[in-house]
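Peer 1: My structure is below; once you've seen it, I'll send some questions.
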Amino acid sequence: MADLAERALAEANTIAVVGLSRDPSKAAHAVPASLQAAGFRIIPVHPSADRLLGEKVYRSLAEIPEPVDLVDVFRPAAEAPAIAEEAVRIGAKTLWLQQGIVSPEARRIATEAGLTYVEDRCTAVVRALGRITKN
């Protein structure tokens with residue numbers, strides 16, 4: 001039986017990536033690129049880039065004009081509660097803090113609003129181990 005993280009990822013199609021990096025050598029670029037290669041729709045959220053991974057970049061989750069299943073966070077834990085609040089406002093189903101990011105406050109905000117919450121796990125690792133693809 002798949003764990004919570006595997007189920008959340010398997011059920012997602014559209015992933016908004018907060019903090020997607022311009023630098024291909026960073027996990028915040030390579031991980032979303034691997035998800036995109038596996039067939040997920042990736043929507044970058046970045047403060048100043050215009051296009052990343054061939055996709056239009058949005059400045060905030062609120063600017064994204066389509067439904068988002070999962071919000072994947074590559075930002076410091078201190079920013080996670082505000083991102084959690086945005087994820088709730090846009091109706092995301094899952095808030096996922098990448099490996100090394102833990103936030104009790106983001107957890108509280110997300111779970112009280114009914115979102116699935118995953119922290120300190122890498123979406124690319126969970127995808128690979130669970131053999132989850134959308135292709």
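Residues in the structure tokens are numbered from 1 in each chain, the chains being A, B, ... in the order shown, and ligands are numbered from 1 in the order shown.
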Could you list, as a ChimeraX atom specification, every residue within 12 Å of Ser34 of chain A, counting only C-alpha atoms and ignoring same-chain residues fewer than 6 positions away?

Peer 2: /A:24,27-28,40-42,53,122-128,132-134

Peer 1: Hey, can you spit out that residue selection with C-alpha atoms as a PDB file, in the first residue's frame?

Peer 2:
ATOM      1  CA  PRO A  24      20.020  23.451 -13.510  1.00  0.00           C
ATOM      2  CA  ALA A  27      17.676  20.435  -6.752  1.00  0.00           C
ATOM      3  CA  ALA A  28      15.090  23.221  -7.033  1.00  0.00           C
ATOM      4  CA  PHE A  40       3.417  16.198 -14.586  1.00  0.00           C
ATOM      5  CA  ARG A  41       2.276  19.712 -15.503  1.00  0.00           C
ATOM      6  CA  ILE A  42       4.758  22.025 -13.788  1.00  0.00           C
ATOM      7  CA  LEU A  53      11.331  24.634 -17.914  1.00  0.00           C
ATOM      8  CA  CYS A 122      11.706  14.803  -2.069  1.00  0.00           C
ATOM      9  CA  THR A 123       9.006  14.575  -4.728  1.00  0.00           C
ATOM     10  CA  ALA A 124      11.499  13.122  -7.222  1.00  0.00           C
ATOM     11  CA  VAL A 125      12.546  10.340  -4.846  1.00  0.00           C
ATOM     12  CA  VAL A 126       8.945   9.486  -3.971  1.00  0.00           C
ATOM     13  CA  ARG A 127       8.040   9.519  -7.670  1.00  0.00           C
ATOM     14  CA  ALA A 128      10.945   7.241  -8.603  1.00  0.00           C
ATOM     15  CA  ILE A 132       4.652   7.272 -10.560  1.00  0.00           C
ATOM     16  CA  THR A 133       4.344   8.747 -14.037  1.00  0.00           C
ATOM     17  CA  LYS A 134       1.744  10.675 -15.998  1.00  0.00           C
TER      18      LYS A 134
END

Peer 1: Of the candidates A:Leu115, A:Val57, A:Leu9, A:Val68, which one gets nearest to Leu35 of chain A if we count only C-alpha atoms?

Peer 2: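 Among the listed residues, A:Leu9 lies closest to Leu35 of chain A.
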
Peer 1: Given only C-alpha atoms as the basis, pick out the residue of A:Pro32, A:Leu52, A:Val73, A:Tyr58 nearest to Gly19 of chain A.

Peer 2: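 Among the listed residues, the smallest separation from Gly19 of chain A belongs to A:Val73.
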
Peer 1: Mind checking DSSP for segment 19-110 of chain A and telling me the helix (DSSP H, G or I) residues as a PyMOL selection string?

Peer 2: chain A and resi 27-37+61-63+77-90+104-110

Peer 1: Using only C-alpha atoms, pick whichever of A:Val45, A:Ala5, A:Ile101, A:Ile83 has the shortest atom-to-atom distance to Arg22 of chain A.

Peer 2: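 Among the listed residues, the smallest separation from Arg22 of chain A belongs to A:Val45.
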
Peer 1: Near Leu97 of chain A, within 7 Å and counting only C-alpha atoms, which residues show up once chain neighbours fewer than 4 positions away are dropped, as a VMD selection string?

Peer 2: chain A and resid 72 to 74 101 to 102 118 to 121
